[in-house]
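Have a look at the structure below before the remarks.
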Amino acid sequence: MIFEPTALSADEEKLRDEVRGFLAETLPPDFRPGLGLGGRHDPEFTRTLAQRGWVGMSIPTRYGGAGASTVRRFVVIEELLAAGAPIAAHWIAERQSAPAFLRFGTEEQREWFLPRIAAGECWFSLGMSEPDAGSDLASVRTTATPVEGGWRASGTKVWTTNAHLNHFAAMLCRTTPQAEAGDRHAGLSQLIVDLADEDVHVSPIPLIDGEEHVNEVVLDGVFVPDERVLGEVGQGWAQVTAELAHERSGPDRYLSILGLYRAFVDVYGRDPDDARAAAIGRIGAQLWTIRQLSLAVARSLDQGEAPAVEASLVKDIGTTFEQQVVEALRDAAGGEIDPDGPTMFDRLLAECVLNAPTWTLRGGTTEVLRGIAAKALTKGS
Amino acid sequence: MTATNDLAEVRDAVADLLTDRVTPEILEAAERDGWAATVWEPLHAGGFTTVGVPEAAGGAGGSVAEACSVLEAAGAAAAPVPLAETGLLAGRLLAAAGLPLPDGPLTTGTGAVTLTGGALSGQLARVAWASAATRIAVLADGPDGAVVALVDPTTTRIAPGHNLAGEPRESVDLDGVVPEAIASVPPDTRELLARRGALARAALIAGAARRVLEVTVTYTGERVQFGRPVSRFPAVADHLVRIAEQTEMAAMAARSAAVGAGEGEPDALDVAAAAAVASEAAGLVAAAAHQATGAMGVTREFALGVLTRRLWSWRDEWGGERAWATDLGRTLAAGGPDALWPTLSRGVRTGT
């Protein structure tokens with residue numbers, strides 16, 4: 001384990017002050033915070049942020065990014081998530097797609113995509129899950145067959161967040177039939193699909209909160225040119241697992257509840273009784289600690305380590321914590337949940353209760369994460 | 001910030017020294033006799049009993065973080081000696097008072113004690129190793145404010161008592177006792193002692209929890225049922241992961257608060273957070289480990305009990321998770337909603 005306390009440097013603290021100042025003057029006083037990475041899709045906000053150099057920060061300067069360290073990016077996204085800022089437009093492009101292009105992309109892809117991502121003008125969705133491929137991602141059925149100059153992809157992807165708004169998705173497809181590939185993890189590839197293509201059909205999947213930001217995406221023989229294959233044909237499995245491992249432990253895993261927590265203190269924090277004080281304190285203590293764990297992972301990434309197991313642990317700790325917070329604050333507040341209630345706390349609590357189940361599902365379920373961690377813990381036995 | 005490499009070296013040095021010295025026989029004897037000379041003496045000879053007490057005051061020197069590194073290793077080994085009490089607690093208390101550091105094990109405790117006309121009155125409850133200590137550092141209210149009084153335990157009346165791990169936790173009646181030395185201390189001394197007490201317990205818990213993880217992983221990897229090691233069953237593996245998570249939580253909390261003290265005293269908010277997290281983790285770790293190790297885990301002969309009995313005790317000493325969470329919650333609430341995030345994201349600071 002690599003978890004050692006790490007402090008922010010003076011430079012990193014300065015960056016944090018800049019981000020806080022920016023948010024204070026940009027977000028309106030009555031701003032309703034989004035739930036962490038569930039923040040709203042706001043192209044204008046994303047472009048403004050990009051002008052400051054805070055989108056795609058880890059993209060090298062020669063591709064239009066800031067060439068920043070993992071910790072500097074951590075500092076920025078942590079403040080954005082804490083404020084519940086509307087980050088959804090660039091979130092996946094900057095967290096997942098840009099690093100994938102850097103690691104696996106061709107020079108042409110890097111030169112085309114990365115400056116656009118860093119400018120906040122090129123937005124991505126994830127194209128992994130399917131009706132019959134959730135935690136068992138290797139069982140994807142979307143198939144791409146070789147044609148003159150590229151591939152034709154057909155199949156159905158689900159839970160594709162903001163596919164109706166974003167420009168592209170890296171779709172995990174089977175490019176070699178499993179019978180030929182042998183190993184079920186072989187023969188998969190990532191194809192960059194243009195979501196505006198006429199052979200791509202996006203339709204919403206309404207969730208229990210009534211929101212329609214998650215979609216079904218049907219690929220109806222869409223043509224993907226060879227130069228839009230991400231990385232190597234047949235290496236899709238290794239690529240997506242590397243993506244998932246590195247992006248698991250960020251502040252998005254424990255800050256979904258910060259707006260709710262702040263609203264609770266606002267409404268119930270004046271001279272709290274013992275039960276409410278204990279709830280505020282317990283959440284604060286856990287948050288303070290989990291943040292140090294997450295920061296330690298970021299710091300170790302900058303030092304060239306690959307803390308995949310630690311990242312899984314932090315995600316599990318963080319998302320489990322988030323769900324506990326919702327229940328603890330509901331209990332401490334008392335009364336019925338009123339989605340149209342008079343306070344920000346009322347409204348955020350209703351939103352959190354309906355959204356909390358997804359927190360321990362997305363990006364690897366609790367069960368999958370614990371499986372990964374257990375394998376590492378019991379290695380050799 | 002103290003380099004984390006140095007802290008790891010201190011932990012490793014103490015762990016090496018304690019290897020093979022804290023045996024089941026030694027632990028049984030310590031529970032019976034209230035003392036373990038063969039554990040204390042090498043630690044004392046190695047200079048590890050007064051880490052965190054300035055050299056100028058007669059200690060081994062070193063920061064609060066280094067003292068906590070010693071305690072993590074001691075917690076992992078279940079060392080049945082007053083390491084926290086001698087260095088971080090009584091030792092630093094005497095140093096703050098400018099009193100000389102007596103040789104041998106020291107202790108201190110909490111309770112309402114007053115000093116009038118050169119004699120003490122009052123009681124200390126649940127004092128760790130009061131009988132075994134060469135001296136007790138007593139924090140008392142004197143006519144002109146807080147004082148530290150150095151007391152020879154043989155001049156007091158001690159009533160026996162223990163915690164769940166069989167470690168001495170004794171009542172000390174100080175009525176009429178004349179201290180060997182008295183010195184005045186600043187008014188915040190009591191609060192600082194309480195903070196160090198809670199932080200010391202968090203560090204011990206972090207160490208013991210890590211050892212519980214090792215013991216439990218090993219056992220569930222060897223115990224075969226239905227034809228395979230039980231750790232291969234997801235429901236059992238789940239316990240192991242939760243033990244690992246809570247161990248890292250306790251360790252990160254304790255280390256962050258310790259490192260944040262720099263060359264000074266630990267911060268109030270850091271300690272409250274560390275104590276709340278570590279005390280809660282102690283119970284979760286113990287419960288999961290016992291579930292995973294089954295009937296073997298609850299036997300006297302198995303290595304788990306000496307650790308879980310300590311976790312169940314240490315989590316409430318110097319305040320349990322609810323007490324510290326309530327304290328922290330009041331502080332955070334008083335700061336108001338806008339200060340909440342800036343306060344909690346302050347992180348590890350470099351010195352006070």
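Lettering and numbering for the structure tokens are positional, with chains as A, B, ... in the shown order, residues counted from 1 in each chain, and ligands counted from 1 in the shown order.
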Identify, on the basis of only C-alpha atoms, every residue whose closest approach to Ile77 in chain A does not exceed 12 Å; exclude the query and any residue fewer than 6 positions from it along the same chain; express the result as JSON, numbers by chain.
{"A": [15, 16, 19, 20, 23, 36, 37, 39, 49, 54, 55, 56, 57, 58, 70, 71, 83, 84, 85, 86, 87, 88, 90, 91, 94, 95, 250, 251, 252, 253, 255, 295]}
Serialized selection, C-alpha atoms, as a PDB file, in the first residue's frame:
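The resulting file, result_11.pdb, is reproduced below:
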```pdb
ATOM      1  CA  LEU A  15      -3.910  27.162  -7.911  1.00  0.00           C
ATOM      2  CA  ARG A  16      -6.663  26.138  -5.510  1.00  0.00           C
ATOM      3  CA  VAL A  19     -10.129  28.096  -8.765  1.00  0.00           C
ATOM      4  CA  ARG A  20     -12.068  29.101  -5.637  1.00  0.00           C
ATOM      5  CA  LEU A  23     -16.067  29.745  -8.874  1.00  0.00           C
ATOM      6  CA  GLY A  36     -20.413  15.776  -8.111  1.00  0.00           C
ATOM      7  CA  LEU A  37     -19.855  14.248 -11.530  1.00  0.00           C
ATOM      8  CA  GLY A  39     -23.179  18.160 -12.458  1.00  0.00           C
ATOM      9  CA  LEU A  49     -13.131  26.853 -17.776  1.00  0.00           C
ATOM     10  CA  TRP A  54      -8.579  23.947 -16.508  1.00  0.00           C
ATOM     11  CA  VAL A  55      -9.982  21.442 -19.007  1.00  0.00           C
ATOM     12  CA  GLY A  56      -7.735  18.602 -20.072  1.00  0.00           C
ATOM     13  CA  MET A  57      -5.041  19.864 -17.726  1.00  0.00           C
ATOM     14  CA  SER A  58      -2.881  16.761 -18.002  1.00  0.00           C
ATOM     15  CA  THR A  70      -2.016  14.602 -11.615  1.00  0.00           C
ATOM     16  CA  VAL A  71      -2.111  16.529  -8.340  1.00  0.00           C
ATOM     17  CA  ALA A  83     -18.956  23.372  -5.725  1.00  0.00           C
ATOM     18  CA  GLY A  84     -21.196  21.046  -7.750  1.00  0.00           C
ATOM     19  CA  ALA A  85     -20.144  22.984 -10.865  1.00  0.00           C
ATOM     20  CA  PRO A  86     -21.712  22.090 -14.256  1.00  0.00           C
ATOM     21  CA  ILE A  87     -18.858  19.977 -15.586  1.00  0.00           C
ATOM     22  CA  ALA A  88     -20.711  17.240 -17.473  1.00  0.00           C
ATOM     23  CA  HIS A  90     -16.132  17.926 -20.675  1.00  0.00           C
ATOM     24  CA  TRP A  91     -16.004  15.438 -17.805  1.00  0.00           C
ATOM     25  CA  GLU A  94     -10.996  15.131 -19.994  1.00  0.00           C
ATOM     26  CA  ARG A  95     -10.971  12.309 -17.429  1.00  0.00           C
ATOM     27  CA  GLY A 250     -10.614  10.646  -7.877  1.00  0.00           C
ATOM     28  CA  PRO A 251     -12.598  13.222  -5.868  1.00  0.00           C
ATOM     29  CA  ASP A 252     -15.716  12.382  -7.892  1.00  0.00           C
ATOM     30  CA  ARG A 253     -15.962   9.300  -5.660  1.00  0.00           C
ATOM     31  CA  LEU A 255     -17.779  14.656  -3.260  1.00  0.00           C
ATOM     32  CA  LEU A 295      -4.745  12.720  -2.779  1.00  0.00           C
TER      33      LEU A 295
END
```
Using only C-alpha atoms, which protein or nucleic acid residues come within 12 Å of Ala66 in chain A? Drop anything in the same chain fewer than 6 positions from it, and give the result as a ChimeraX atom specification.
/A:50-60,72-73,114-115,117-119
Two-atom distance - CA of Ala159 in chain B, CA of Leu192 in chain B (Å)
27.0 Å
From a DSSP pass on the backbone, collect the residues of range 169-302 of chain A flagged as strand (DSSP E or B) and hand them back as an mmCIF file with N, CA and C atoms, in the first residue's frame.
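Generated file (selection28.cif):
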```
data_model
loop_
_atom_site.group_PDB
_atom_site.id
_atom_site.type_symbol
_atom_site.label_atom_id
_atom_site.label_comp_id
_atom_site.auth_asym_id
_atom_site.auth_seq_id
_atom_site.Cartn_x
_atom_site.Cartn_y
_atom_site.Cartn_z
ATOM 1 N N ALA A 169 -18.047 8.901 -28.926
ATOM 2 C CA ALA A 169 -17.904 7.891 -27.885
ATOM 3 C C ALA A 169 -16.895 6.857 -28.353
ATOM 4 N N ALA A 170 -16.043 6.406 -27.427
ATOM 5 C CA ALA A 170 -15.132 5.298 -27.728
ATOM 6 C C ALA A 170 -15.912 4.011 -27.454
ATOM 7 N N MET A 171 -16.317 3.345 -28.537
ATOM 8 C CA MET A 171 -17.177 2.166 -28.408
ATOM 9 C C MET A 171 -16.329 0.898 -28.364
ATOM 10 N N LEU A 172 -16.539 0.122 -27.306
ATOM 11 C CA LEU A 172 -15.846 -1.168 -27.221
ATOM 12 C C LEU A 172 -16.596 -2.183 -28.086
ATOM 13 N N CYS A 173 -15.904 -2.700 -29.114
ATOM 14 C CA CYS A 173 -16.547 -3.597 -30.086
ATOM 15 C C CYS A 173 -15.744 -4.893 -30.216
ATOM 16 N N ARG A 174 -16.458 -5.945 -30.581
ATOM 17 C CA ARG A 174 -15.757 -7.182 -30.912
ATOM 18 C C ARG A 174 -15.356 -7.100 -32.387
ATOM 19 N N LEU A 188 -11.117 -7.653 -28.982
ATOM 20 C CA LEU A 188 -11.939 -6.464 -28.745
ATOM 21 C C LEU A 188 -11.142 -5.218 -29.142
ATOM 22 N N SER A 189 -11.866 -4.194 -29.637
ATOM 23 C CA SER A 189 -11.194 -2.959 -30.055
ATOM 24 C C SER A 189 -12.054 -1.772 -29.669
ATOM 25 N N GLN A 190 -11.419 -0.609 -29.551
ATOM 26 C CA GLN A 190 -12.158 0.625 -29.268
ATOM 27 C C GLN A 190 -12.245 1.460 -30.536
ATOM 28 N N LEU A 191 -13.467 1.761 -30.950
ATOM 29 C CA LEU A 191 -13.691 2.557 -32.155
ATOM 30 C C LEU A 191 -14.315 3.897 -31.755
ATOM 31 N N ILE A 192 -13.749 4.976 -32.302
ATOM 32 C CA ILE A 192 -14.294 6.300 -32.002
ATOM 33 C C ILE A 192 -15.464 6.565 -32.945
ATOM 34 N N VAL A 193 -16.659 6.593 -32.371
ATOM 35 C CA VAL A 193 -17.866 6.759 -33.184
ATOM 36 C C VAL A 193 -18.371 8.198 -33.053
ATOM 37 N N ASP A 194 -18.690 8.771 -34.208
ATOM 38 C CA ASP A 194 -19.284 10.109 -34.255
ATOM 39 C C ASP A 194 -20.771 9.961 -33.918
ATOM 40 N N VAL A 200 -26.235 6.245 -36.294
ATOM 41 C CA VAL A 200 -26.217 6.125 -34.835
ATOM 42 C C VAL A 200 -27.548 6.661 -34.310
ATOM 43 N N HIS A 201 -28.260 5.837 -33.562
ATOM 44 C CA HIS A 201 -29.573 6.248 -33.060
ATOM 45 C C HIS A 201 -29.549 6.319 -31.534
ATOM 46 N N VAL A 202 -29.745 7.518 -31.017
ATOM 47 C CA VAL A 202 -29.685 7.750 -29.570
ATOM 48 C C VAL A 202 -31.091 7.962 -29.030
ATOM 49 N N SER A 203 -31.442 7.189 -28.005
ATOM 50 C CA SER A 203 -32.749 7.419 -27.382
ATOM 51 C C SER A 203 -32.599 7.351 -25.869
ATOM 52 N N PRO A 204 -33.352 8.191 -25.152
ATOM 53 C CA PRO A 204 -33.167 8.277 -23.699
ATOM 54 C C PRO A 204 -33.673 7.056 -22.948
ATOM 55 N N VAL A 214 -29.333 9.679 -19.561
ATOM 56 C CA VAL A 214 -28.711 8.393 -19.860
ATOM 57 C C VAL A 214 -29.429 7.803 -21.077
ATOM 58 N N ASN A 215 -28.648 7.181 -21.966
ATOM 59 C CA ASN A 215 -29.226 6.790 -23.260
ATOM 60 C C ASN A 215 -28.933 5.358 -23.662
ATOM 61 N N GLU A 216 -29.768 4.904 -24.592
ATOM 62 C CA GLU A 216 -29.448 3.725 -25.380
ATOM 63 C C GLU A 216 -28.900 4.239 -26.710
ATOM 64 N N VAL A 217 -27.800 3.645 -27.153
ATOM 65 C CA VAL A 217 -27.203 4.076 -28.416
ATOM 66 C C VAL A 217 -27.135 2.860 -29.344
ATOM 67 N N VAL A 218 -27.893 2.921 -30.440
ATOM 68 C CA VAL A 218 -27.886 1.818 -31.395
ATOM 69 C C VAL A 218 -26.960 2.171 -32.556
ATOM 70 N N LEU A 219 -25.991 1.294 -32.803
ATOM 71 C CA LEU A 219 -25.092 1.457 -33.947
ATOM 72 C C LEU A 219 -25.639 0.577 -35.062
ATOM 73 N N ASP A 220 -26.096 1.227 -36.116
ATOM 74 C CA ASP A 220 -26.783 0.505 -37.188
ATOM 75 C C ASP A 220 -25.880 0.454 -38.412
ATOM 76 N N GLY A 221 -24.805 -0.310 -38.280
ATOM 77 C CA GLY A 221 -23.855 -0.419 -39.389
ATOM 78 C C GLY A 221 -23.094 0.865 -39.648
ATOM 79 N N VAL A 222 -22.783 1.592 -38.591
ATOM 80 C CA VAL A 222 -22.086 2.867 -38.752
ATOM 81 C C VAL A 222 -20.648 2.628 -39.239
ATOM 82 N N PHE A 223 -20.227 3.462 -40.194
ATOM 83 C CA PHE A 223 -18.867 3.336 -40.744
ATOM 84 C C PHE A 223 -17.885 4.107 -39.859
ATOM 85 N N VAL A 224 -16.802 3.415 -39.477
ATOM 86 C CA VAL A 224 -15.741 4.055 -38.697
ATOM 87 C C VAL A 224 -14.432 3.871 -39.474
ATOM 88 N N PRO A 225 -13.831 4.958 -39.948
ATOM 89 C CA PRO A 225 -12.601 4.817 -40.727
ATOM 90 C C PRO A 225 -11.449 4.274 -39.866
ATOM 91 N N VAL A 229 -9.804 4.174 -35.179
ATOM 92 C CA VAL A 229 -9.622 3.078 -34.223
ATOM 93 C C VAL A 229 -8.680 3.604 -33.148
ATOM 94 N N LEU A 230 -9.105 3.453 -31.890
ATOM 95 C CA LEU A 230 -8.263 3.929 -30.794
ATOM 96 C C LEU A 230 -7.323 2.807 -30.367
ATOM 97 N N GLN A 235 -6.721 -4.926 -28.965
ATOM 98 C CA GLN A 235 -6.200 -4.595 -27.628
ATOM 99 C C GLN A 235 -7.206 -3.843 -26.769
#
```
With a cut-off of 9 Å, could you pull out the residues of chain A touching chain B and give me the nearest pair of atoms for each, distance in Å to one decimal, using only C-alpha atoms, ordered by chain and ascending number, as JSON lines?
```
{"residue": "A:Met1", "atom": "CA", "partner": "B:Glu248", "partner_atom": "CA", "distance": 8.7}
{"residue": "A:Phe3", "atom": "CA", "partner": "B:Met252", "partner_atom": "CA", "distance": 6.9}
{"residue": "A:Glu4", "atom": "CA", "partner": "B:Met252", "partner_atom": "CA", "distance": 6.7}
{"residue": "A:Pro5", "atom": "CA", "partner": "B:Ser256", "partner_atom": "CA", "distance": 5.5}
{"residue": "A:Thr6", "atom": "CA", "partner": "B:Val348", "partner_atom": "CA", "distance": 6.6}
{"residue": "A:Ala7", "atom": "CA", "partner": "B:Val348", "partner_atom": "CA", "distance": 5.1}
{"residue": "A:Leu8", "atom": "CA", "partner": "B:Gly347", "partner_atom": "CA", "distance": 7.8}
{"residue": "A:Ala82", "atom": "CA", "partner": "B:Trp341", "partner_atom": "CA", "distance": 7.5}
{"residue": "A:Leu258", "atom": "CA", "partner": "B:Trp341", "partner_atom": "CA", "distance": 8.0}
{"residue": "A:Tyr261", "atom": "CA", "partner": "B:Pro337", "partner_atom": "CA", "distance": 8.5}
{"residue": "A:Arg262", "atom": "CA", "partner": "B:Pro337", "partner_atom": "CA", "distance": 5.1}
{"residue": "A:Ala263", "atom": "CA", "partner": "B:Pro337", "partner_atom": "CA", "distance": 7.1}
{"residue": "A:Phe264", "atom": "CA", "partner": "B:Pro337", "partner_atom": "CA", "distance": 8.2}
{"residue": "A:Val265", "atom": "CA", "partner": "B:Pro337", "partner_atom": "CA", "distance": 5.5}
{"residue": "A:Asp266", "atom": "CA", "partner": "B:Pro337", "partner_atom": "CA", "distance": 5.3}
{"residue": "A:Tyr268", "atom": "CA", "partner": "B:Ala333", "partner_atom": "CA", "distance": 8.6}
{"residue": "A:Gly269", "atom": "CA", "partner": "B:Ala333", "partner_atom": "CA", "distance": 4.9}
{"residue": "A:Arg270", "atom": "CA", "partner": "B:Ala333", "partner_atom": "CA", "distance": 6.7}
{"residue": "A:Asp271", "atom": "CA", "partner": "B:Ala334", "partner_atom": "CA", "distance": 7.7}
{"residue": "A:Pro272", "atom": "CA", "partner": "B:Arg330", "partner_atom": "CA", "distance": 7.2}
{"residue": "A:Asp274", "atom": "CA", "partner": "B:Thr326", "partner_atom": "CA", "distance": 6.3}
{"residue": "A:Ala275", "atom": "CA", "partner": "B:Thr326", "partner_atom": "CA", "distance": 7.7}
{"residue": "A:Arg276", "atom": "CA", "partner": "B:Gly329", "partner_atom": "CA", "distance": 7.8}
{"residue": "A:Ala277", "atom": "CA", "partner": "B:Gly329", "partner_atom": "CA", "distance": 4.4}
{"residue": "A:Ala278", "atom": "CA", "partner": "B:Thr326", "partner_atom": "CA", "distance": 3.9}
{"residue": "A:Ala279", "atom": "CA", "partner": "B:Gly329", "partner_atom": "CA", "distance": 7.0}
{"residue": "A:Ile280", "atom": "CA", "partner": "B:Gly329", "partner_atom": "CA", "distance": 4.7}
{"residue": "A:Gly281", "atom": "CA", "partner": "B:Gly329", "partner_atom": "CA", "distance": 3.5}
{"residue": "A:Arg282", "atom": "CA", "partner": "B:Ala325", "partner_atom": "CA", "distance": 4.9}
{"residue": "A:Ile283", "atom": "CA", "partner": "B:Ala325", "partner_atom": "CA", "distance": 8.4}
{"residue": "A:Gly284", "atom": "CA", "partner": "B:Leu344", "partner_atom": "CA", "distance": 6.7}
{"residue": "A:Ala285", "atom": "CA", "partner": "B:Ala273", "partner_atom": "CA", "distance": 4.2}
{"residue": "A:Gln286", "atom": "CA", "partner": "B:Val277", "partner_atom": "CA", "distance": 6.3}
{"residue": "A:Leu287", "atom": "CA", "partner": "B:Leu344", "partner_atom": "CA", "distance": 7.3}
{"residue": "A:Trp288", "atom": "CA", "partner": "B:Leu344", "partner_atom": "CA", "distance": 5.4}
{"residue": "A:Thr289", "atom": "CA", "partner": "B:Ala253", "partner_atom": "CA", "distance": 5.4}
{"residue": "A:Ile290", "atom": "CA", "partner": "B:Met249", "partner_atom": "CA", "distance": 7.1}
{"residue": "A:Arg291", "atom": "CA", "partner": "B:Ser345", "partner_atom": "CA", "distance": 7.5}
{"residue": "A:Gln292", "atom": "CA", "partner": "B:Gly347", "partner_atom": "CA", "distance": 6.9}
{"residue": "A:Leu293", "atom": "CA", "partner": "B:Met252", "partner_atom": "CA", "distance": 6.8}
{"residue": "A:Leu313", "atom": "CA", "partner": "B:Glu245", "partner_atom": "CA", "distance": 6.4}
{"residue": "A:Val314", "atom": "CA", "partner": "B:Glu245", "partner_atom": "CA", "distance": 7.9}
{"residue": "A:Asp316", "atom": "CA", "partner": "B:Glu245", "partner_atom": "CA", "distance": 8.5}
{"residue": "A:Ile317", "atom": "CA", "partner": "B:Glu245", "partner_atom": "CA", "distance": 6.7}
{"residue": "A:Glu367", "atom": "CA", "partner": "B:Asp238", "partner_atom": "CA", "distance": 8.4}
{"residue": "A:Arg370", "atom": "CA", "partner": "B:Val241", "partner_atom": "CA", "distance": 6.2}
{"residue": "A:Gly371", "atom": "CA", "partner": "B:Pro234", "partner_atom": "CA", "distance": 7.2}
{"residue": "A:Ala373", "atom": "CA", "partner": "B:Val241", "partner_atom": "CA", "distance": 6.4}
{"residue": "A:Ala374", "atom": "CA", "partner": "B:Ala237", "partner_atom": "CA", "distance": 5.7}
{"residue": "A:Lys375", "atom": "CA", "partner": "B:Ala237", "partner_atom": "CA", "distance": 8.4}
{"residue": "A:Leu377", "atom": "CA", "partner": "B:Val217", "partner_atom": "CA", "distance": 7.3}
{"residue": "A:Thr378", "atom": "CA", "partner": "B:Val217", "partner_atom": "CA", "distance": 6.4}
{"residue": "A:Gly380", "atom": "CA", "partner": "B:Gly221", "partner_atom": "CA", "distance": 8.5}
{"residue": "A:Ser381", "atom": "CA", "partner": "B:Gly221", "partner_atom": "CA", "distance": 5.0}
```
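Among the candidates A:Thr161, A:Leu329, A:Ala68, A:Arg103, the one nearest to Ala238 in chain A when counting only C-alpha atoms is A:Arg103.
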Distance query range 39-49 of chain B at most 7 Å, only C-alpha atoms, self and fewer than 3 positions along chain excluded, as a list in words
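Listed by chain and then number, they are Arg21, Val22, Ala36, Ala60, Val81, Leu83, Thr86 and Gly87 of chain B.
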Write the residues you've just listed into a file as a PDB file, in the first residue's frame, and include N, CA and C atoms for each of them.
```
ATOM      1  N   ARG B  21       9.548 -10.897  20.640  1.00  0.00           N
ATOM      2  CA  ARG B  21       9.621 -10.527  22.062  1.00  0.00           C
ATOM      3  C   ARG B  21       8.232 -10.515  22.705  1.00  0.00           C
ATOM      4  N   VAL B  22       7.203 -10.218  21.881  1.00  0.00           N
ATOM      5  CA  VAL B  22       5.847 -10.233  22.442  1.00  0.00           C
ATOM      6  C   VAL B  22       5.195 -11.572  22.065  1.00  0.00           C
ATOM      7  N   ALA B  36       5.623  -6.355  31.751  1.00  0.00           N
ATOM      8  CA  ALA B  36       6.391  -7.182  30.812  1.00  0.00           C
ATOM      9  C   ALA B  36       7.785  -6.587  30.668  1.00  0.00           C
ATOM     10  N   ALA B  60      14.188  11.353  24.034  1.00  0.00           N
ATOM     11  CA  ALA B  60      14.954  10.917  22.864  1.00  0.00           C
ATOM     12  C   ALA B  60      14.810  11.902  21.703  1.00  0.00           C
ATOM     13  N   VAL B  81       3.045  -2.575  27.225  1.00  0.00           N
ATOM     14  CA  VAL B  81       3.825  -1.626  28.028  1.00  0.00           C
ATOM     15  C   VAL B  81       3.354  -0.192  27.746  1.00  0.00           C
ATOM     16  N   LEU B  83       3.988   2.686  26.420  1.00  0.00           N
ATOM     17  CA  LEU B  83       4.821   3.481  25.509  1.00  0.00           C
ATOM     18  C   LEU B  83       4.207   4.862  25.272  1.00  0.00           C
ATOM     19  N   THR B  86       4.471   6.979  28.543  1.00  0.00           N
ATOM     20  CA  THR B  86       5.799   7.448  28.964  1.00  0.00           C
ATOM     21  C   THR B  86       6.296   8.602  28.093  1.00  0.00           C
ATOM     22  N   GLY B  87       6.102   8.482  26.769  1.00  0.00           N
ATOM     23  CA  GLY B  87       6.639   9.506  25.875  1.00  0.00           C
ATOM     24  C   GLY B  87       5.661  10.628  25.592  1.00  0.00           C
TER      25      GLY B  87
END
```
What does the distance from CA of Ala93 in chain A to CA of Gly34 in chain A come to in Å, to one decimal?
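Pair CA of Ala93 in chain A / CA of Gly34 in chain A returns 18.6 Å.
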Which polymer residues have any atom within 8 Å of an atom of range 132-137 of chain A, counting only C-alpha atoms, with same-chain residues fewer than 6 positions away left out, as number ranges by chain?
A: 364-365, 368
